[in-house]
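Structure, as structure tokens:
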Amino acid sequence: MLQAMTRSLQSKLILALVLAVLIPTTIISVYTDRTSTSLLIDNARQEESSALVVATSQIVTKLGDAENNVLFVSQTSTTKDYANLLSGNRRTTDKTVNALAEAQTALLRSFLTNTGGAFRRIYVLDAQGYLRIGVDNEAGTLALMVADDQEDRAKEPYFSEAVNLIPGQVYGSNVELSMTKGHIEKPYAPIIYYSTPIFDDYNNTAGVIVSELDVHHVFATVVKHDLNQQWLIVDSDGSYVWHPVASKLYGRMLGHRTRLSTDQPQDATVIFGMDTGDLVRSQERPDTLQTFTRMTPPDQPNIDWRLVKQRSLHSIYGAVSQSRRTICVLALVLLSVALVVGSLLVRSVVQPIRSLYNTAQAIMLGNLTQHVEVTSKDELGQLAVAFNEMTTAIQKRETDLRQQAEELRIATAQAKEASRLKDEFLAVMSHELRTPLNAIIGFAGILSISKNLDPQVLHKIRRIRSNGERLLTLISDILDISRIESGRMQLTNTPISIRQLVERLDAQMNVLGEEKGLAFKVQVDDAVPQLIEVDQDAMTKITTNLLSNAFKFTEKGEVSLQVLRQGSTLVIQVSDTCIGIPAHMHEIIFETFRQVDSSSTRKYGGSGLGLAIVRQLCNTMNGTVQVSSEVGQGSTFTVTLPIHAYTQLAGSPA
Ligand code: ADP
């Protein structure tokens, strides 16, 4: 039982500790998780929008630079000389033509070199749109675009749009694919044309200088893809200008329909519906957040792009998962520590309780020398000390009790011995008293029937006899009560006829009745069995004592004896019609030497032992005796005795 009790105490304490650790840890974890998640999202938002701002401004700067560079070349004196040559303002010889062409070529060459490969080509068209001179950056080798290559480019927008511009203005195209002799070059080379007119000394347009800006060169360093993020640059018609998958690029020029609006139609609606958006969750790719902005570089009306940066949710929540993992590990460590500390703590509490229980068990089995080991000074230690003090007190009390029991045993033995001596004394004394008394009564009897004695002497002799008889009765009553009380009265049940017993008593008591002029009624109910198994002497004594009292205390009227059967009980009722007994004496009269009125001893005689003997005998025979009486009305004594099995089998109603 203790095992179960301590185990439940143990588990309760450990559970309490675990909860004490788990609940705050969980609250802190949830709070930290929420805060760190929103912080991380805020960070990511800032990161993304600033990345977009940086990328946009870098691209715009690069495009602006390209524009300025072309403008710068167009305004150099070398170009001016060449423009005068083209418009025929200068007197020319072959020598000067060549010199001016060479100077211009050198200028264009240095332009390509100085711009670090940002431009693929630069060339000069004359006022009619023919290619006159140019330099081609073919994989880092600057090749001359020779005069044989003269082509009519008059219809190209970079000529037709630029030729009418005023000084200082530059035409910029949208993204185009580089062409050679009317065909798209392969591999595809995306470019933006920047062209501006050149003027002769009379400010007449002498031609157009055209540069081809390498778009890859602009984007490559600015918008780089990696595993967690990718960039899209989308043209105003939704086709991709920049995309990690090469085959999706330049749909507008190549005539295929790969567009943002086909890949991510819902997202396209959002992206084209607003100029900017922060970490908008993609509808088509739920694991992606998109940040986007519209980009329209100043003075470049042909460019209207959307820069879209897509970032995987995972890359943002990666840090959250990491912090969650850390929190989980921390919680586990805390839990383990709590369990270990808890187990040690619980053991330190449960061990002393177990020790107390074992000692209590040992004490219960009588081992009072057992003591609890005191291992600490805390409350449990104090409990152990108190327990030990209690054990010592119990031990002392038990010793005292043993001593008292021994004294009691000796006293009981002495009392028994005294009682034995008293009985012995009574037996001897009664014998010693009865013998001379019988002699006195006998001789007085003989003398009382003598005829030649003086009447006065005769009277005295009769008194001697009657007093002797009273004394004999008293002695035998004392002897009886003493035998009954000491338990030495042996009752022997034998089948007797109640009717014969009653007849005998009738004969005896009638004499008394006649002396006092009282009627004596006797009745035995038919239901009373013929033979009843009972101790005859005891039965006779009970009935005689009750009848003697009835006759003794009744002056007039009648005395009756009634014997009934009630089920398995024999009922004997003795009633009289005289003085009665007050209610408060109904119990007391059954005690030894107790009488209603001690003066009655003198009047009626008696010693107060008759009823005590009746009750003791009834008790010994498993029966009862009760009185119902009213002063002046008479009394009824009722004795009930069990009728034995023998009687029930052998006897039958008379
Ligand atoms: P005693 O020898 O005095 O009759 P008992 O024990 O027989 O002793 O009776 C005790 C007392 O009970 C009597 O002294 C008497 O006062 C009262 N008593 C007994 N029987 C009767 C009775 N039938 N009527 C009135 N009083 C009675």
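Naming scheme: A, B, ... for chains in displayed order of the structure tokens; residues 1 onward per chain; ligands 1 onward as shown.
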
Assign secondary structure with DSSP using the backbone only, and return the residues of region 89-258 of chain A in strand (DSSP E) as number ranges by chain. A: 119-126, 131-138, 141-145, 171-177, 179-180, 183-184, 190-199, 205-214, 229-234, 240-242

Got time to write the residues from that selection, C-alpha atoms, as a short mmCIF file (atom, residue, chain, number, x, y, z; two decimals), in the first residue's frame?
data_model
loop_
_atom_site.label_atom_id
_atom_site.label_comp_id
_atom_site.auth_asym_id
_atom_site.auth_seq_id
_atom_site.Cartn_x
_atom_site.Cartn_y
_atom_site.Cartn_z
CA PHE A 119 28.28 48.03 -75.39
CA ARG A 120 28.25 45.44 -78.08
CA ARG A 121 28.66 47.83 -81.05
CA ILE A 122 28.85 51.50 -81.89
CA TYR A 123 28.54 52.89 -85.37
CA VAL A 124 27.73 55.97 -87.41
CA LEU A 125 24.95 56.18 -89.96
CA ASP A 126 24.90 59.02 -92.47
CA LEU A 131 26.08 52.52 -92.13
CA ARG A 132 29.27 54.41 -92.60
CA ILE A 133 31.67 53.41 -89.94
CA GLY A 134 31.54 51.26 -86.80
CA VAL A 135 33.25 48.99 -84.32
CA ASP A 136 31.97 45.61 -83.25
CA ASN A 137 32.93 44.06 -79.93
CA GLU A 138 33.00 40.42 -80.85
CA THR A 141 37.96 41.52 -80.10
CA LEU A 142 37.12 44.89 -81.54
CA ALA A 143 36.34 44.39 -85.23
CA LEU A 144 35.91 47.14 -87.73
CA MET A 145 32.58 47.38 -89.46
CA TYR A 171 16.78 57.92 -78.53
CA GLY A 172 16.60 54.76 -76.41
CA SER A 173 14.85 51.62 -77.63
CA ASN A 174 13.26 48.87 -75.63
CA VAL A 175 15.15 45.56 -75.44
CA GLU A 176 15.80 44.19 -78.92
CA LEU A 177 17.76 41.22 -80.22
CA MET A 179 20.71 41.76 -85.83
CA THR A 180 23.23 41.15 -88.56
CA HIS A 183 18.72 38.48 -89.22
CA ILE A 184 18.60 37.90 -85.51
CA PRO A 190 19.64 41.27 -76.13
CA ILE A 191 20.53 44.88 -76.62
CA ILE A 192 19.12 48.39 -76.21
CA TYR A 193 19.80 50.88 -78.96
CA TYR A 194 20.92 54.34 -77.88
CA SER A 195 21.24 56.72 -80.81
CA THR A 196 21.66 60.42 -81.21
CA PRO A 197 22.14 62.71 -84.19
CA ILE A 198 25.47 64.28 -85.05
CA PHE A 199 25.64 67.79 -86.32
CA THR A 205 22.07 66.72 -88.94
CA ALA A 206 24.94 64.92 -90.64
CA GLY A 207 24.11 61.47 -89.43
CA VAL A 208 23.24 59.36 -86.41
CA ILE A 209 25.59 57.65 -84.03
CA VAL A 210 24.12 54.35 -82.75
CA SER A 211 25.29 52.24 -79.80
CA GLU A 212 24.06 48.79 -78.82
CA LEU A 213 24.02 48.38 -75.03
CA ASP A 214 24.51 44.75 -73.96
CA GLN A 229 15.33 33.91 -54.81
CA GLN A 230 14.89 34.73 -58.43
CA TRP A 231 14.36 37.89 -60.38
CA LEU A 232 11.96 38.59 -63.15
CA ILE A 233 12.01 41.67 -65.37
CA VAL A 234 8.78 41.86 -67.25
CA TYR A 240 10.06 38.33 -69.89
CA VAL A 241 13.12 40.50 -70.34
CA TRP A 242 14.89 38.69 -67.54
#

Sorted by chain and rising residue number, which residues of region 17-88 of chain A lie within 12 Å of region 252-276 of chain A, and what are their closest atom pairs and distances in Å to one decimal, counting only C-alpha atoms, as a Markdown table?
| residue | atom | partner | partner_atom | distance |
| --- | --- | --- | --- | --- |
| A:Glu48 | CA | A:Thr276 | CA | 11.8 |
| A:Ser49 | CA | A:Thr276 | CA | 9.3 |
| A:Leu52 | CA | A:Thr276 | CA | 10.0 |
| A:Val53 | CA | A:Thr276 | CA | 10.7 |

Go ahead and write the selection's residues with N, CA, C and O atoms as a compact mmCIF listing (two decimals), in the first residue's frame.
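Output (again_30.txt):
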# COMPACT_ATOMS: atom_id res chain seq x y z
N GLU A 48 13.93 42.85 -48.84
CA GLU A 48 13.45 42.70 -50.21
C GLU A 48 13.23 44.06 -50.86
O GLU A 48 13.65 44.31 -51.98
N SER A 49 12.56 44.98 -50.11
CA SER A 49 12.26 46.24 -50.78
C SER A 49 13.54 47.03 -51.02
O SER A 49 13.70 47.68 -52.05
N LEU A 52 15.26 45.66 -54.00
CA LEU A 52 14.58 46.09 -55.22
C LEU A 52 14.94 47.54 -55.56
O LEU A 52 15.19 47.87 -56.72
N VAL A 53 15.00 48.38 -54.51
CA VAL A 53 15.36 49.79 -54.73
C VAL A 53 16.77 49.88 -55.30
O VAL A 53 17.03 50.59 -56.28

For ligand 1, which residue out of A:Gly168, A:Gly580, A:Gly442, A:Gly117 is the nearest one, using only C-alpha atoms and all ligand atoms?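 The answer is A:Gly580, which sits nearest to ligand 1.
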
With ligand 1 as the partner and 9 Å as the cut-off, tabulate the residues of chain A that qualify, each row holding the nearest pair of atoms and their distance in Å to one decimal, using only C-alpha atoms and all ligand atoms, sorted by chain and rising number, as CSV.
residue,atom,partner,partner_atom_place_in_ligand_line,distance
A:Leu474,CA,ligand 1,2 (O),8.6
A:Asn545,CA,ligand 1,7 (O),6.4
A:Leu546,CA,ligand 1,20 (N),6.7
A:Leu547,CA,ligand 1,23 (N),7.7
A:Ser548,CA,ligand 1,4 (O),7.8
A:Asn549,CA,ligand 1,20 (N),4.5
A:Ala550,CA,ligand 1,23 (N),3.9
A:Phe551,CA,ligand 1,23 (N),7.3
A:Lys552,CA,ligand 1,23 (N),7.3
A:Phe553,CA,ligand 1,24 (N),4.9
A:Thr554,CA,ligand 1,24 (N),6.9
A:Val574,CA,ligand 1,23 (N),8.2
A:Ser575,CA,ligand 1,23 (N),7.3
A:Asp576,CA,ligand 1,23 (N),6.2
A:Thr577,CA,ligand 1,24 (N),8.3
A:Cys578,CA,ligand 1,24 (N),6.6
A:Ile579,CA,ligand 1,25 (C),5.5
A:Gly580,CA,ligand 1,25 (C),4.6
A:Ile581,CA,ligand 1,26 (N),5.3
A:Pro582,CA,ligand 1,26 (N),8.9
A:Met585,CA,ligand 1,12 (O),8.2
A:His586,CA,ligand 1,12 (O),8.5
A:Ile588,CA,ligand 1,12 (O),8.5
A:Ile589,CA,ligand 1,12 (O),4.9
A:Phe590,CA,ligand 1,6 (O),6.3
A:Glu591,CA,ligand 1,6 (O),7.5
A:Thr592,CA,ligand 1,6 (O),6.9
A:Phe593,CA,ligand 1,6 (O),6.8
A:Arg594,CA,ligand 1,10 (C),5.8
A:Gln595,CA,ligand 1,14 (O),3.7
A:Val596,CA,ligand 1,16 (O),3.8
A:Asp597,CA,ligand 1,16 (O),5.6
A:Ser598,CA,ligand 1,14 (O),7.2
A:Ser600,CA,ligand 1,14 (O),6.5
A:Thr601,CA,ligand 1,3 (O),6.3
A:Tyr604,CA,ligand 1,3 (O),7.7
A:Gly605,CA,ligand 1,3 (O),6.5
A:Gly606,CA,ligand 1,2 (O),3.1
A:Ser607,CA,ligand 1,2 (O),4.1
A:Gly608,CA,ligand 1,8 (O),3.1
A:Leu609,CA,ligand 1,6 (O),4.2
A:Gly610,CA,ligand 1,7 (O),3.6
A:Leu611,CA,ligand 1,6 (O),3.8
A:Ala612,CA,ligand 1,6 (O),5.7
A:Ile613,CA,ligand 1,6 (O),7.6
A:Val614,CA,ligand 1,6 (O),8.3
A:Ser629,CA,ligand 1,24 (N),8.2
A:Val631,CA,ligand 1,25 (C),8.4
A:Gly634,CA,ligand 1,24 (N),6.5
A:Ser635,CA,ligand 1,23 (N),5.7
A:Thr636,CA,ligand 1,23 (N),7.3
A:Phe637,CA,ligand 1,23 (N),7.7

Set the distance at 12 Å and use only C-alpha atoms: which residues neighbour region 354-369 of chain A once local chain neighbours fewer than 5 positions away are removed? I'd like the list as a PyMOL selection string. chain A and resi 1-7+9-10+346-349+374-375+380-399

So how many Å separate CA of Leu512 (chain A) and CA of Leu570 (chain A), to one decimal?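 Going from CA of Leu512 (chain A) over to CA of Leu570 (chain A) covers 26.0 Å.
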
Expected answer as a ChimeraX atom specification: helix (DSSP H, G or I) residues in region 121-340 of chain A: /A:147-149,157-160,215-220,246-248,251-254,260-263,265-273,313-340

Could you jot down the CA of His459 (chain A) to CA of Asn438 (chain A) separation for me, Å, one decimal place? 19.0 Å

Which of these, A:Glu379, A:Glu533, A:Glu67, A:Asp81, has the shortest distance to Pro642 (chain A) once you count only C-alpha atoms? A:Glu533

Might you pull out every residue within 10 Å of Gly129 (chain A), with only C-alpha atoms counted and same-chain residues fewer than 5 positions away left off, and present them as a CSV table (one decimal) with N, CA and C atoms, in the first residue's frame?
chain,number,residue,atom,x,y,z
A,124,VAL,N,28.3,54.7,-86.9
A,124,VAL,CA,27.7,56.0,-87.4
A,124,VAL,C,26.9,55.7,-88.7
A,150,GLN,N,28.2,48.5,-95.7
A,150,GLN,CA,27.2,49.6,-95.7
A,150,GLN,C,25.8,49.0,-95.9
A,151,GLU,N,24.9,49.3,-95.1
A,151,GLU,CA,23.5,48.8,-95.2
A,151,GLU,C,22.6,50.0,-95.0
A,152,ASP,N,21.5,49.9,-95.6
A,152,ASP,CA,20.5,50.9,-95.4
A,152,ASP,C,19.7,50.7,-94.1
A,153,ARG,N,19.9,51.5,-93.2
A,153,ARG,CA,19.2,51.3,-91.9
A,153,ARG,C,18.2,52.5,-91.7
A,154,ALA,N,17.8,53.1,-92.8
A,154,ALA,CA,17.0,54.3,-92.7
A,154,ALA,C,15.6,53.9,-92.0
A,155,LYS,N,15.2,52.7,-92.1
A,155,LYS,CA,13.8,52.4,-91.6
A,155,LYS,C,13.9,52.0,-90.1
A,156,GLU,N,15.1,51.7,-89.6
A,156,GLU,CA,15.2,51.3,-88.2
A,156,GLU,C,14.8,52.4,-87.3
A,158,TYR,N,15.9,53.3,-84.5
A,158,TYR,CA,17.0,54.0,-83.9
A,158,TYR,C,17.5,55.0,-84.8
A,159,PHE,N,17.2,54.9,-86.2
A,159,PHE,CA,17.6,56.0,-87.1
A,159,PHE,C,16.5,57.0,-87.2
A,160,SER,N,15.4,56.4,-87.6
A,160,SER,CA,14.3,57.3,-88.0
A,160,SER,C,13.8,58.2,-86.8
A,163,VAL,N,17.0,60.7,-86.0
A,163,VAL,CA,17.5,61.7,-86.9
A,163,VAL,C,16.9,63.1,-86.8
A,207,GLY,N,24.2,62.9,-89.5
A,207,GLY,CA,24.1,61.5,-89.4
A,207,GLY,C,23.6,61.1,-88.0
A,208,VAL,N,23.7,59.8,-87.7
A,208,VAL,CA,23.2,59.4,-86.4
A,208,VAL,C,24.3,58.4,-85.9

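Between CA of Val97 (chain A) and CA of Pro167 (chain A) lies a distance of 24.7 Å.
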
Out of A:Leu289, A:Leu13, A:Ala99, A:Val223, which residue has the shortest atom-to-atom distance to Tyr317 (chain A) when counting only C-alpha atoms? A:Leu289
